[in-house]
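A.B. asks: Input: one structure, supplied below.
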Amino acid sequence: MGHGRNITEFVFLGLTQDPSGQMALFIMFLLIYTVTMVGNLLIMVTVLASSSLSSPVYFFLAYLSLMDTLYSTAITPKLLIDLLGDRKTISFPACMGQLFVEHLFGGAEVFLLVVMALDRYVAICKPLHYLNIMNRWVCNILLVLAWAGGFVHSVVQLVFVFHLPFCGPNVVDHFMCDLYPLLELACTDTYFTDLTVVTNGGSICLVVFILLVISYGFMLNSLKTHSQEGRRKALSTCSSHITVVVLFFVPCIFMYVRPVSNFPFDKFITIFYMVVPPMLKPLIYTLRNSEMKNSMEKLWCQTLTVE
């Protein structure tokens with residue numbers, strides 16, 4: 001215990017202390033989690049089972065859905081259990097595990113959204129060479145890079161928090177282990193750690209968001225030369241990508257691009273970038289995408305006729 005940690009568990013305050021409020025939230029989050037799981041698994045199954053969805057964009061979409069199911073599962077089941085229980089506790093190792101996993105999948109997803117923007121860029125700006133440039137080998141490497149980016153980001157966050165001394169109060173004003181609430185509980189000056197966290201999390205969010213906005217701007221600009229049909233198709237995929245990017249990055253930037261502090265409303269903002277987007281993404285990607293819808297219908301009909 002050389003570095004002054006005598007806290008073995010943390011206690012979450014959760015979203016509300018009111019029993020009827022907790023019940024309402026339990027029902028809401030259970031619904032959200034169910035829709036998230038069903039929607040994302042449906043996308044993965046459809047992409048894997050449909051030969052017509054073999055293009056790189058669907059390969060990445062299937063992995064985005066996988067990340068979302070893992071990301072949600074790292075957070076929501078514990079939140080659901082806590083909403084039903086009286087004492088909302090988490091052990092120190094489990095808390096570090098949750099922190100690691102949420103930043104691993106969150107970070108990997110940030111980089112995967114960059115990869116998906118790159119994929120759209122090649123598809124729109126170099127349509128004739130698209131399949132040559134974005135071949136399976138390149139796709140696999142880009143995917144590995146996205147996971148590696150998430151892993152490095154997550155390890156950096158974890159190392160800093162893990163070595164902080166926690167010796168005082170162990171009550172976290174949140175429903176999960178996140179950096180800012182934990183930094184507030186450390187019994188030492190966390191100025192340097194705060195800076196590192198903001199630089200690591202905040203700069204990734206902000207820089208990537210700016211890059212994505214610029215790249216989508218370029219793409220939309222280059223659509224002028226396309227035929228009306230090509231333009232319509234490109235716009236429908238781009239608009240769904242842009243929607244997801246905004247959904248994910250705006251709350252993320254709000255949370256991490258600012259001095260470290262844990263405001264009571266932060267936990268509600270956390271819901272908007274951790275719990276809600278994984279549920280909305282399958283809807284956004286499938287409703288705007290006729291190929292995806294057709295493939296799902298085909299699969300559905302095949303399944304029914306087999307039975």
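Chain identifiers are assigned as A, B, and so on, following the order in which chains appear in the structure tokens; residues are numbered from 1 within each chain, and ligands are numbered from 1 in order of appearance.
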Among the residues of segment 19-208 of chain A, find those DSSP assigns to alpha helix (DSSP H) from the backbone and print them as a ChimeraX atom specification.

C.D. replies: /A:19-49,56-84,92-125,130-133,136-162,179-185,191-197,203-208

A.B. asks: Hey, what's within 6 Å of segment 200-212 of chain A if we count only C-alpha atoms and toss same-chain stuff fewer than 2 positions away? As a list in words, please?

C.D. replies: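 Listed by chain and then number, they are Thr196, Val197, Val198, Ile214, Ser215, Ile253, Tyr256 and Val257 of chain A.
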
A.B. asks: Work out how far atom CA of Ser240 of chain A is from atom CA of Ser154 of chain A, in Å to one decimal.

C.D. replies: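 Taking atom CA of Ser154 of chain A as the start and atom CA of Ser240 of chain A as the end point, the length is 27.3 Å.
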
A.B. asks: List as a tab-separated table every residue of segment 200-259 of chain A that is in contact with segment 273-295 of chain A, defined as an atom at most 7 Å from one of its atoms (using only C-alpha atoms), together with the nearest atom pair and the distance in Å rounded to one decimal, sorted by chain and then rising number.

C.D. replies:
```
residue	atom	partner	partner_atom	distance
A:Ser236	CA	A:Arg288	CA	5.9
A:Thr237	CA	A:Asn289	CA	6.8
A:Ser240	CA	A:Ile284	CA	5.8
A:Val244	CA	A:Lys281	CA	6.6
A:Leu247	CA	A:Pro277	CA	6.5
A:Phe248	CA	A:Tyr273	CA	5.4
A:Pro251	CA	A:Tyr273	CA	6.0
A:Cys252	CA	A:Tyr273	CA	6.6
```

A.B. asks: Save out the residues we just selected, C-alpha atoms, as a short mmCIF file (atom, residue, chain, number, x, y, z; two decimals), in the first residue's frame.

C.D. replies:
```cif
data_model
loop_
_atom_site.label_atom_id
_atom_site.label_comp_id
_atom_site.auth_asym_id
_atom_site.auth_seq_id
_atom_site.Cartn_x
_atom_site.Cartn_y
_atom_site.Cartn_z
CA SER A 236 -27.63 9.72 -47.93
CA THR A 237 -24.58 7.81 -46.61
CA SER A 240 -26.00 9.44 -41.67
CA VAL A 244 -23.51 10.01 -35.85
CA LEU A 247 -24.18 12.87 -31.78
CA PHE A 248 -21.00 11.33 -30.46
CA PRO A 251 -21.23 15.90 -25.78
CA CYS A 252 -17.75 14.33 -25.75
#
```

A.B. asks: For atom CA of Thr8 of chain A and atom CA of Gln157 of chain A, determine how far apart the two atoms are, in Å to one decimal place.

C.D. replies: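 Calculated distance between atom CA of Thr8 of chain A and atom CA of Gln157 of chain A is 19.7 Å.
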
A.B. asks: Using only C-alpha atoms, find the one residue out of A:Leu61, A:Met23, A:Val152, A:Val35 that sits nearest to Ala117 of chain A.

C.D. replies: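 Residue with the minimum atom-to-atom distance to Ala117 of chain A: A:Leu61.
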
A.B. asks: Within 10 Å of Ala148 of chain A, counting only C-alpha atoms, which residues show up once you throw out same-chain ones fewer than 6 positions away? Write them as a PyMOL selection string, please.

C.D. replies: chain A and resi 104+107-108+111+142+154

A.B. asks: Output all heavy atoms of each residue in that selection to a file, as a PDB file, in the first residue's frame.

C.D. replies:
```
ATOM      1  N   LEU A 104     -11.409   2.183 -23.876  1.00  0.00           N
ATOM      2  CA  LEU A 104     -10.929   1.344 -24.986  1.00  0.00           C
ATOM      3  C   LEU A 104     -11.940   1.385 -26.136  1.00  0.00           C
ATOM      4  O   LEU A 104     -11.591   1.699 -27.280  1.00  0.00           O
ATOM      5  CB  LEU A 104     -10.729  -0.097 -24.515  1.00  0.00           C
ATOM      6  CG  LEU A 104     -10.493  -1.146 -25.612  1.00  0.00           C
ATOM      7  CD1 LEU A 104      -9.148  -0.921 -26.285  1.00  0.00           C
ATOM      8  CD2 LEU A 104     -10.534  -2.564 -25.043  1.00  0.00           C
ATOM      9  N   GLY A 107     -12.549   5.081 -27.360  1.00  0.00           N
ATOM     10  CA  GLY A 107     -11.411   5.539 -28.166  1.00  0.00           C
ATOM     11  C   GLY A 107     -11.372   4.849 -29.524  1.00  0.00           C
ATOM     12  O   GLY A 107     -11.176   5.484 -30.559  1.00  0.00           O
ATOM     13  N   ALA A 108     -11.562   3.524 -29.500  1.00  0.00           N
ATOM     14  CA  ALA A 108     -11.545   2.766 -30.767  1.00  0.00           C
ATOM     15  C   ALA A 108     -12.639   3.277 -31.696  1.00  0.00           C
ATOM     16  O   ALA A 108     -12.461   3.372 -32.911  1.00  0.00           O
ATOM     17  CB  ALA A 108     -11.739   1.276 -30.479  1.00  0.00           C
ATOM     18  N   PHE A 111     -11.646   6.486 -33.467  1.00  0.00           N
ATOM     19  CA  PHE A 111     -10.748   6.238 -34.592  1.00  0.00           C
ATOM     20  C   PHE A 111     -11.465   5.505 -35.729  1.00  0.00           C
ATOM     21  O   PHE A 111     -11.151   5.710 -36.897  1.00  0.00           O
ATOM     22  CB  PHE A 111      -9.504   5.468 -34.125  1.00  0.00           C
ATOM     23  CG  PHE A 111      -8.654   6.275 -33.183  1.00  0.00           C
ATOM     24  CD1 PHE A 111      -8.440   5.871 -31.874  1.00  0.00           C
ATOM     25  CD2 PHE A 111      -8.079   7.480 -33.602  1.00  0.00           C
ATOM     26  CE1 PHE A 111      -7.672   6.639 -30.994  1.00  0.00           C
ATOM     27  CE2 PHE A 111      -7.305   8.257 -32.731  1.00  0.00           C
ATOM     28  CZ  PHE A 111      -7.107   7.828 -31.423  1.00  0.00           C
ATOM     29  N   LEU A 142      -6.583  -0.809 -41.127  1.00  0.00           N
ATOM     30  CA  LEU A 142      -7.248   0.376 -40.568  1.00  0.00           C
ATOM     31  C   LEU A 142      -8.024   0.009 -39.300  1.00  0.00           C
ATOM     32  O   LEU A 142      -8.048   0.761 -38.327  1.00  0.00           O
ATOM     33  CB  LEU A 142      -8.179   1.004 -41.607  1.00  0.00           C
ATOM     34  CG  LEU A 142      -7.484   1.715 -42.772  1.00  0.00           C
ATOM     35  CD1 LEU A 142      -8.489   2.066 -43.864  1.00  0.00           C
ATOM     36  CD2 LEU A 142      -6.767   2.972 -42.301  1.00  0.00           C
ATOM     37  N   SER A 154      -6.668   4.395 -23.821  1.00  0.00           N
ATOM     38  CA  SER A 154      -7.224   3.839 -22.599  1.00  0.00           C
ATOM     39  C   SER A 154      -6.141   3.545 -21.563  1.00  0.00           C
ATOM     40  O   SER A 154      -6.306   3.825 -20.372  1.00  0.00           O
ATOM     41  CB  SER A 154      -7.986   2.560 -22.935  1.00  0.00           C
ATOM     42  OG  SER A 154      -8.741   2.160 -21.842  1.00  0.00           O
TER      43      SER A 154
END
```

A.B. asks: Find the residues around segment 87-93 of chain A up to 8 Å (only C-alpha atoms counted), leave out those fewer than 6 positions away in its own chain, and share them as a ChimeraX atom specification.

C.D. replies: /A:7-14

A.B. asks: Can you list, as a PyMOL selection string, every residue of segment 66-266 of chain A that DSSP puts in strand (DSSP E or B)?

C.D. replies: chain A and resi 89-91+171-172

A.B. asks: Using C-alpha atoms, can you write the selected residues to a file as a PDB file, in the first residue's frame?

C.D. replies:
```pdb
ATOM      1  CA  THR A  89     -20.900  -0.061  -4.873  1.00  0.00           C
ATOM      2  CA  ILE A  90     -18.061  -1.099  -7.153  1.00  0.00           C
ATOM      3  CA  SER A  91     -14.716  -2.563  -6.073  1.00  0.00           C
ATOM      4  CA  VAL A 171     -18.576   8.428  -2.788  1.00  0.00           C
ATOM      5  CA  VAL A 172     -18.706   9.076  -6.547  1.00  0.00           C
TER       6      VAL A 172
END
```

A.B. asks: With a distance cut-off of 8 Å and only C-alpha atoms, select the neighbouring residues of Ala62 of chain A, excluding the residue or stretch itself and same-chain residues fewer than 2 positions from it, and output the selection as a VMD selection string.

C.D. replies: chain A and resid 43 to 44 47 58 to 60 64 to 66

A.B. asks: Please provide the set of residues having any atom within 9 Å of Pro264 of chain A, restricted to only C-alpha atoms, with same-chain residues fewer than 3 positions apart removed, written as a count of residues only.

C.D. replies: 4
